[in-house]
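Pasted below: work_22.pdb, PDB, C-alpha atoms.
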```pdb
ATOM      1  CA  MET A   1     -21.032   9.011 -19.463  1.00  0.00           C
ATOM      2  CA  ILE A   2     -17.332   8.352 -19.183  1.00  0.00           C
ATOM      3  CA  SER A   3     -15.871   6.587 -22.164  1.00  0.00           C
ATOM      4  CA  ASN A   4     -13.446   3.682 -22.149  1.00  0.00           C
ATOM      5  CA  TYR A   5     -10.532   5.966 -23.029  1.00  0.00           C
ATOM      6  CA  LEU A   6     -11.231   8.211 -20.041  1.00  0.00           C
ATOM      7  CA  LYS A   7     -11.497   5.246 -17.700  1.00  0.00           C
ATOM      8  CA  ILE A   8      -8.179   3.884 -18.917  1.00  0.00           C
ATOM      9  CA  ARG A   9      -6.577   7.310 -18.708  1.00  0.00           C
ATOM     10  CA  ARG A  10      -7.854   7.892 -15.172  1.00  0.00           C
ATOM     11  CA  ARG A  11      -6.794   4.401 -14.074  1.00  0.00           C
ATOM     12  CA  ALA A  12      -3.333   4.903 -15.563  1.00  0.00           C
ATOM     13  CA  LYS A  13      -2.929   8.217 -13.730  1.00  0.00           C
ATOM     14  CA  GLU A  14      -4.013   6.586 -10.475  1.00  0.00           C
ATOM     15  CA  ASP A  15      -1.543   3.727 -11.011  1.00  0.00           C
ATOM     16  CA  ILE A  16       1.260   6.218 -11.613  1.00  0.00           C
ATOM     17  CA  ILE A  17       0.416   8.127  -8.427  1.00  0.00           C
ATOM     18  CA  ILE A  18       0.209   4.947  -6.354  1.00  0.00           C
ATOM     19  CA  GLY A  19       3.472   3.712  -7.853  1.00  0.00           C
ATOM     20  CA  VAL A  20       5.258   6.944  -6.933  1.00  0.00           C
ATOM     21  CA  VAL A  21       3.849   6.829  -3.372  1.00  0.00           C
ATOM     22  CA  PHE A  22       5.097   3.265  -2.911  1.00  0.00           C
ATOM     23  CA  ILE A  23       8.517   4.105  -4.345  1.00  0.00           C
ATOM     24  CA  ILE A  24       8.804   6.912  -1.784  1.00  0.00           C
ATOM     25  CA  LEU A  25       7.676   4.512   0.961  1.00  0.00           C
ATOM     26  CA  ALA A  26      10.240   1.934  -0.190  1.00  0.00           C
ATOM     27  CA  ILE A  27      12.996   4.562  -0.109  1.00  0.00           C
ATOM     28  CA  VAL A  28      12.010   5.551   3.443  1.00  0.00           C
ATOM     29  CA  VAL A  29      11.987   1.899   4.569  1.00  0.00           C
ATOM     30  CA  PHE A  30      15.341   1.231   2.900  1.00  0.00           C
ATOM     31  CA  ILE A  31      16.997   4.302   4.433  1.00  0.00           C
ATOM     32  CA  THR A  32      15.587   3.709   7.909  1.00  0.00           C
ATOM     33  CA  SER A  33      16.697   0.069   7.835  1.00  0.00           C
ATOM     34  CA  PHE A  34      20.250   1.351   8.338  1.00  0.00           C
ATOM     35  CA  GLU A  35      19.216   2.342  11.873  1.00  0.00           C
ATOM     36  CA  LEU A  36      18.716  -1.319  12.807  1.00  0.00           C
ATOM     37  CA  PRO A  37      21.631  -2.893  14.669  1.00  0.00           C
ATOM     38  CA  GLU A  38      24.066  -5.033  12.713  1.00  0.00           C
ATOM     39  CA  PRO A  39      24.968  -8.439  14.168  1.00  0.00           C
ATOM     40  CA  PRO A  40      28.577  -8.990  15.253  1.00  0.00           C
ATOM     41  CA  ILE A  41      28.928 -11.965  12.917  1.00  0.00           C
ATOM     42  CA  ALA A  42      28.620 -11.784   9.138  1.00  0.00           C
ATOM     43  CA  THR A  43      25.056 -13.144   8.850  1.00  0.00           C
ATOM     44  CA  SER A  44      22.018 -11.345   7.589  1.00  0.00           C
ATOM     45  CA  GLY A  45      20.824  -9.120  10.404  1.00  0.00           C
ATOM     46  CA  PRO A  46      17.469  -7.557  11.197  1.00  0.00           C
ATOM     47  CA  ALA A  47      17.937  -4.981   8.429  1.00  0.00           C
ATOM     48  CA  PHE A  48      18.198  -7.604   5.666  1.00  0.00           C
ATOM     49  CA  TRP A  49      14.497  -8.340   5.125  1.00  0.00           C
ATOM     50  CA  PRO A  50      13.249  -4.749   5.267  1.00  0.00           C
ATOM     51  CA  ARG A  51      15.819  -3.902   2.599  1.00  0.00           C
ATOM     52  CA  VAL A  52      14.792  -6.851   0.445  1.00  0.00           C
ATOM     53  CA  LEU A  53      11.109  -5.955   0.783  1.00  0.00           C
ATOM     54  CA  ALA A  54      11.850  -2.285   0.037  1.00  0.00           C
ATOM     55  CA  LEU A  55      13.684  -3.287  -3.136  1.00  0.00           C
ATOM     56  CA  LEU A  56      10.856  -5.629  -4.166  1.00  0.00           C
ATOM     57  CA  MET A  57       8.245  -2.945  -3.444  1.00  0.00           C
ATOM     58  CA  SER A  58      10.123  -0.358  -5.478  1.00  0.00           C
ATOM     59  CA  GLY A  59      10.571  -2.855  -8.332  1.00  0.00           C
ATOM     60  CA  MET A  60       6.860  -3.683  -8.384  1.00  0.00           C
ATOM     61  CA  SER A  61       6.029   0.028  -8.256  1.00  0.00           C
ATOM     62  CA  ILE A  62       8.263   0.674 -11.252  1.00  0.00           C
ATOM     63  CA  VAL A  63       6.479  -2.133 -13.110  1.00  0.00           C
ATOM     64  CA  LEU A  64       3.091  -0.606 -12.159  1.00  0.00           C
ATOM     65  CA  ILE A  65       4.174   2.803 -13.454  1.00  0.00           C
ATOM     66  CA  GLY A  66       5.610   1.250 -16.623  1.00  0.00           C
ATOM     67  CA  ASN A  67       2.397  -0.665 -17.309  1.00  0.00           C
ATOM     68  CA  ALA A  68       0.354   2.506 -16.825  1.00  0.00           C
ATOM     69  CA  VAL A  69       2.553   4.450 -19.256  1.00  0.00           C
ATOM     70  CA  VAL A  70       2.402   1.633 -21.835  1.00  0.00           C
ATOM     71  CA  MET A  71      -1.378   1.398 -21.425  1.00  0.00           C
ATOM     72  CA  LEU A  72      -1.706   5.130 -22.042  1.00  0.00           C
ATOM     73  CA  LYS A  73       0.555   5.038 -25.112  1.00  0.00           C
ATOM     74  CA  MET A  74      -1.224   2.026 -26.632  1.00  0.00           C
ATOM     75  CA  LYS A  75      -4.670   3.488 -26.086  1.00  0.00           C
ATOM     76  CA  GLU A  76      -3.627   6.863 -27.513  1.00  0.00           C
ATOM     77  CA  ALA A  77      -2.170   5.185 -30.586  1.00  0.00           C
ATOM     78  CA  LYS A  78      -5.399   3.256 -31.229  1.00  0.00           C
ATOM     79  CA  THR A  79      -7.647   6.283 -30.881  1.00  0.00           C
ATOM     80  CA  ASP A  80      -8.420   7.892 -34.224  1.00  0.00           C
ATOM     81  CA  ASN A  81      -8.850  11.635 -34.679  1.00  0.00           C
ATOM     82  CA  GLU A  82     -12.658  11.712 -34.586  1.00  0.00           C
ATOM     83  CA  THR A  83     -12.837   9.643 -31.430  1.00  0.00           C
ATOM     84  CA  LEU A  84     -10.156  11.829 -29.910  1.00  0.00           C
ATOM     85  CA  GLN A  85     -12.287  14.935 -30.486  1.00  0.00           C
ATOM     86  CA  GLU A  86     -15.244  13.232 -28.815  1.00  0.00           C
ATOM     87  CA  GLU A  87     -13.018  12.216 -25.907  1.00  0.00           C
ATOM     88  CA  LYS A  88     -11.746  15.786 -25.483  1.00  0.00           C
ATOM     89  CA  ALA A  89     -15.337  17.038 -25.374  1.00  0.00           C
ATOM     90  CA  LEU A  90     -16.133  14.438 -22.716  1.00  0.00           C
ATOM     91  CA  ILE A  91     -13.009  15.398 -20.779  1.00  0.00           C
ATOM     92  CA  GLU A  92     -14.008  19.053 -20.772  1.00  0.00           C
ATOM     93  CA  GLU A  93     -17.540  18.119 -19.755  1.00  0.00           C
ATOM     94  CA  ASP A  94     -16.198  15.791 -17.050  1.00  0.00           C
ATOM     95  CA  GLU A  95     -13.820  18.455 -15.720  1.00  0.00           C
ATOM     96  CA  VAL A  96     -16.691  20.917 -15.465  1.00  0.00           C
ATOM     97  CA  LYS A  97     -18.871  18.439 -13.571  1.00  0.00           C
ATOM     98  CA  GLU A  98     -16.237  17.096 -11.148  1.00  0.00           C
ATOM     99  CA  PRO A  99     -16.154  20.062  -8.731  1.00  0.00           C
ATOM    100  CA  GLU A 100     -19.947  19.941  -8.430  1.00  0.00           C
ATOM    101  CA  LYS A 101     -19.741  16.335  -7.243  1.00  0.00           C
ATOM    102  CA  GLY A 102     -17.152  17.196  -4.610  1.00  0.00           C
ATOM    103  CA  TYR A 103     -14.070  15.823  -6.300  1.00  0.00           C
ATOM    104  CA  LEU A 104     -11.936  15.922  -3.150  1.00  0.00           C
ATOM    105  CA  PHE A 105     -14.630  14.189  -1.126  1.00  0.00           C
ATOM    106  CA  ASN A 106     -15.095  11.524  -3.809  1.00  0.00           C
ATOM    107  CA  TRP A 107     -11.326  11.060  -3.943  1.00  0.00           C
ATOM    108  CA  TRP A 108     -11.222  10.595  -0.173  1.00  0.00           C
ATOM    109  CA  LEU A 109     -14.038   8.026  -0.310  1.00  0.00           C
ATOM    110  CA  LYS A 110     -12.210   6.123  -3.024  1.00  0.00           C
ATOM    111  CA  TYR A 111      -8.771   6.118  -1.362  1.00  0.00           C
ATOM    112  CA  LYS A 112      -9.747   6.235   2.312  1.00  0.00           C
ATOM    113  CA  LYS A 113      -8.975   2.603   3.086  1.00  0.00           C
ATOM    114  CA  PRO A 114      -5.581   2.436   1.342  1.00  0.00           C
ATOM    115  CA  LEU A 115      -4.532   5.710   2.975  1.00  0.00           C
ATOM    116  CA  ILE A 116      -5.585   4.454   6.405  1.00  0.00           C
ATOM    117  CA  ALA A 117      -3.622   1.236   5.772  1.00  0.00           C
ATOM    118  CA  ILE A 118      -0.520   3.234   4.823  1.00  0.00           C
ATOM    119  CA  PHE A 119      -0.946   5.439   7.903  1.00  0.00           C
ATOM    120  CA  ALA A 120      -1.397   2.343  10.116  1.00  0.00           C
ATOM    121  CA  THR A 121       1.777   0.859   8.643  1.00  0.00           C
ATOM    122  CA  PHE A 122       3.624   4.104   9.375  1.00  0.00           C
ATOM    123  CA  LEU A 123       2.372   4.020  12.994  1.00  0.00           C
ATOM    124  CA  PHE A 124       3.419   0.367  13.166  1.00  0.00           C
ATOM    125  CA  TYR A 125       6.928   1.406  12.198  1.00  0.00           C
ATOM    126  CA  LEU A 126       7.006   4.284  14.695  1.00  0.00           C
ATOM    127  CA  PHE A 127       5.744   2.299  17.676  1.00  0.00           C
ATOM    128  CA  PHE A 128       7.286  -1.099  16.881  1.00  0.00           C
ATOM    129  CA  ARG A 129      10.080  -0.808  19.449  1.00  0.00           C
ATOM    130  CA  VAL A 130       7.875   0.790  22.106  1.00  0.00           C
ATOM    131  CA  LEU A 131       4.937  -1.612  21.854  1.00  0.00           C
ATOM    132  CA  GLY A 132       6.957  -4.647  20.836  1.00  0.00           C
ATOM    133  CA  PHE A 133       6.508  -7.221  18.120  1.00  0.00           C
ATOM    134  CA  ILE A 134       3.418  -8.993  19.423  1.00  0.00           C
ATOM    135  CA  ILE A 135       1.239  -5.935  20.095  1.00  0.00           C
ATOM    136  CA  SER A 136       2.381  -4.115  16.928  1.00  0.00           C
ATOM    137  CA  VAL A 137       1.850  -7.009  14.523  1.00  0.00           C
ATOM    138  CA  PHE A 138      -1.488  -7.960  16.094  1.00  0.00           C
ATOM    139  CA  THR A 139      -2.764  -4.363  15.891  1.00  0.00           C
ATOM    140  CA  LEU A 140      -1.589  -3.805  12.317  1.00  0.00           C
ATOM    141  CA  GLY A 141      -3.092  -7.109  11.177  1.00  0.00           C
ATOM    142  CA  ALA A 142      -6.415  -6.346  12.860  1.00  0.00           C
ATOM    143  CA  VAL A 143      -6.614  -2.808  11.439  1.00  0.00           C
ATOM    144  CA  ILE A 144      -5.865  -3.927   7.879  1.00  0.00           C
ATOM    145  CA  ALA A 145      -8.301  -6.838   8.155  1.00  0.00           C
ATOM    146  CA  LEU A 146     -11.012  -4.448   9.377  1.00  0.00           C
ATOM    147  CA  LEU A 147     -10.333  -2.201   6.390  1.00  0.00           C
ATOM    148  CA  VAL A 148     -10.759  -5.105   3.985  1.00  0.00           C
ATOM    149  CA  GLU A 149     -14.077  -6.245   5.461  1.00  0.00           C
ATOM    150  CA  SER A 150     -17.186  -4.573   4.114  1.00  0.00           C
ATOM    151  CA  ASP A 151     -19.666  -5.983   6.651  1.00  0.00           C
ATOM    152  CA  ILE A 152     -18.418  -5.559  10.205  1.00  0.00           C
ATOM    153  CA  ASN A 153     -20.331  -7.375  12.933  1.00  0.00           C
ATOM    154  CA  ARG A 154     -19.445  -9.420  16.040  1.00  0.00           C
ATOM    155  CA  LYS A 155     -18.745 -12.553  14.042  1.00  0.00           C
ATOM    156  CA  THR A 156     -16.437 -10.658  11.677  1.00  0.00           C
ATOM    157  CA  VAL A 157     -14.578  -9.006  14.561  1.00  0.00           C
ATOM    158  CA  ALA A 158     -14.120 -12.380  16.275  1.00  0.00           C
ATOM    159  CA  LYS A 159     -12.800 -13.856  13.022  1.00  0.00           C
ATOM    160  CA  ILE A 160     -10.384 -10.939  12.589  1.00  0.00           C
ATOM    161  CA  ILE A 161      -9.083 -11.303  16.154  1.00  0.00           C
ATOM    162  CA  ILE A 162      -8.505 -15.028  15.643  1.00  0.00           C
ATOM    163  CA  GLN A 163      -6.753 -14.427  12.314  1.00  0.00           C
ATOM    164  CA  SER A 164      -4.578 -11.695  13.813  1.00  0.00           C
ATOM    165  CA  VAL A 165      -3.557 -13.952  16.698  1.00  0.00           C
ATOM    166  CA  ILE A 166      -2.686 -16.785  14.299  1.00  0.00           C
ATOM    167  CA  VAL A 167      -0.680 -14.465  12.017  1.00  0.00           C
ATOM    168  CA  THR A 168       1.132 -12.885  14.981  1.00  0.00           C
ATOM    169  CA  VAL A 169       2.054 -16.242  16.510  1.00  0.00           C
ATOM    170  CA  GLY A 170       3.109 -17.584  13.105  1.00  0.00           C
ATOM    171  CA  MET A 171       5.285 -14.572  12.346  1.00  0.00           C
ATOM    172  CA  TYR A 172       6.826 -14.649  15.830  1.00  0.00           C
ATOM    173  CA  TYR A 173       7.622 -18.340  15.422  1.00  0.00           C
ATOM    174  CA  LEU A 174       9.102 -17.738  11.959  1.00  0.00           C
ATOM    175  CA  PHE A 175      11.296 -14.794  12.902  1.00  0.00           C
ATOM    176  CA  ALA A 176      12.150 -15.456  16.569  1.00  0.00           C
ATOM    177  CA  VAL A 177      12.415 -19.240  16.557  1.00  0.00           C
ATOM    178  CA  ILE A 178      13.294 -20.347  13.024  1.00  0.00           C
ATOM    179  CA  LEU A 179      15.314 -17.327  11.822  1.00  0.00           C
ATOM    180  CA  SER A 180      16.615 -16.395  15.314  1.00  0.00           C
ATOM    181  CA  VAL A 181      15.862 -12.708  14.905  1.00  0.00           C
ATOM    182  CA  ARG A 182      15.664 -10.818  18.193  1.00  0.00           C
ATOM    183  CA  MET A 183      12.248  -9.233  18.538  1.00  0.00           C
ATOM    184  CA  PRO A 184      11.612  -6.143  20.639  1.00  0.00           C
ATOM    185  CA  GLY A 185       9.651  -7.061  23.743  1.00  0.00           C
ATOM    186  CA  GLY A 186       8.050  -3.665  24.198  1.00  0.00           C
ATOM    187  CA  LEU A 187       5.306  -3.529  26.793  1.00  0.00           C
ATOM    188  CA  LEU A 188       5.060  -7.301  27.215  1.00  0.00           C
TER     189      LEU A 188
END
```
If you took the structure in this file and wrote it as structure tokens, what would it be?
Amino acid sequence: MISNYLKIRRRAKEDIIIGVVFIILAIVVFITSFELPEPPIATSGPAFWPRVLALLMSGMSIVLIGNAVVMLKMKEAKTDNETLQEEKALIEEDEVKEPEKGYLFNWWLKYKKPLIAIFATFLFYLFFRVLGFIISVFTLGAVIALLVESDINRKTVAKIIIQSVIVTVGMYYLFAVILSVRMPGGLL
């Protein structure tokens, strides 16, 4: 049985790891946004929004890490000595049992969907210019929606396709028509 302290400790460690991963991702997005062409006039170009989103993502990741550290410190301060000894015994017992359960396999099962979403986003970035806006956004939206769904059947797939089309058309209208951002045509 895992105690409340261990659950909080494990959750805080996971939040710290996820926060660091997203800070690294935000740094990569921010740095690669300098490869986007700058407009000849002094308006916000295509690199503006990726930079803003990268800054927001890194800020939220810092907040996530900070909350995890504060949660750990508060919980450690509230734990008295006797409870701490019991927790250490549970930790040692838990550490002994984890490899028997297949810790790496359990970790993969727990983080499979977020890792696939991050990988899909990375592929979206790599193939955005080649495939173009419409195909890239539609595919990314459909993949992430499929990851979120727990029960996948024909009705769910049809719903996801319709949602992806609506999101793609809405984003194209927002960026290409309203904000006048040139979108890569790609294969279309």
**Item:** Selection dump of the PyMOL selection byres ((chain A and resi 128) around 12), as a list in words
**Value:**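 Checked against the file, the PyMOL selection byres ((chain A and resi 128) around 12) matches Ala120, Thr121, Phe122, Leu123, Phe124, Tyr125, Leu126, Phe127, Arg129, Val130, Leu131, Gly132, Phe133, Ile134, Ile135, Ser136, Val137, Phe138, Thr139, Leu140, Met183, Pro184, Gly185, Gly186 and Leu187 of chain A.
Shortest atom-to-atom contact with Asp15 of chain A among A:Pro39, A:Leu147, A:Ala68, A:Phe175: A:Ala68, counting only C-alpha atoms.
Closest approach to Leu56 of chain A among A:Leu25, A:Ile41, A:Ile152, A:Leu36 is made by A:Leu25 (distances from only C-alpha atoms).
Counting all atoms listed in the file, the residue from A:Val143, A:Leu64, A:Val157, A:Ile23 that sits nearest to Pro114 of chain A is A:Val143.
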**Asked** Which residue out of A:Thr32, A:Asn67, A:Ser44, A:Ser61 has the minimum interatomic distance to Ile8 of chain A when all atoms listed in the file are used?
**Response**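 Result for the nearest residue to Ile8 of chain A: A:Asn67.
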**Message:** When you look at Ile31 of chain A with a cut-off of 10 Å (counting all atoms listed in the file), what residues show up, excluding the ones that are within fewer than 6 positions of it in the same chain? I need them as a ChimeraX atom specification.
**Reply:** /A:25,50-51,54
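For the atom pair formed by atom CA of Tyr111 of chain A and atom CA of Lys13 of chain A, the distance is 13.8 Å, given to one decimal.
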**Gap from atom CA of Glu38 of chain A to atom CA of Gly170 of chain A - Å, one decimal** =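 Interatomic distance, atom CA of Glu38 of chain A to atom CA of Gly170 of chain A: 24.4 Å.
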**Request:** Using the chain letters and residue numbers of this document, give as a list in words the residues selected by the PyMOL selection byres ((chain A and resi 20) around 12).
**Result:**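 Checking the PyMOL selection byres ((chain A and resi 20) around 12) against this file, the residues are Lys13, Glu14, Asp15, Ile16, Ile17, Ile18, Gly19, Val21, Phe22, Ile23, Ile24, Leu25, Ala26, Ile27, Met57, Ser58, Gly59, Met60, Ser61, Ile62, Val63, Leu64, Ile65, Gly66 and Ala68 of chain A.
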**Asked** Between A:Val148, A:Ala142, A:Val181, A:Leu104, which has the minimum distance to Pro37 of chain A (counting only C-alpha atoms)?
**Response**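 Nearest to Pro37 of chain A: A:Val181.
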**Nearest residue to Lys7 of chain A from the set A:Asp151, A:Met71, A:Val169, A:Leu55 (distances using all atoms listed in the file)** =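 Nearest to Lys7 of chain A: A:Met71.
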**Request:** Could you jot down the atom CA of Ile178 of chain A to atom CA of Val52 of chain A separation for me, Å, one decimal place?
**Result:**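 Here the two named atoms are 18.5 Å from each other.
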**Item:** Nearby residues (all atoms listed in the file) at most 9 Å from Gly141 of chain A, same-chain spacing under 3 positions excluded, as a PyMOL selection string
**Value:** chain A and resi 136-138+144-146+160-161+163-165+167-168
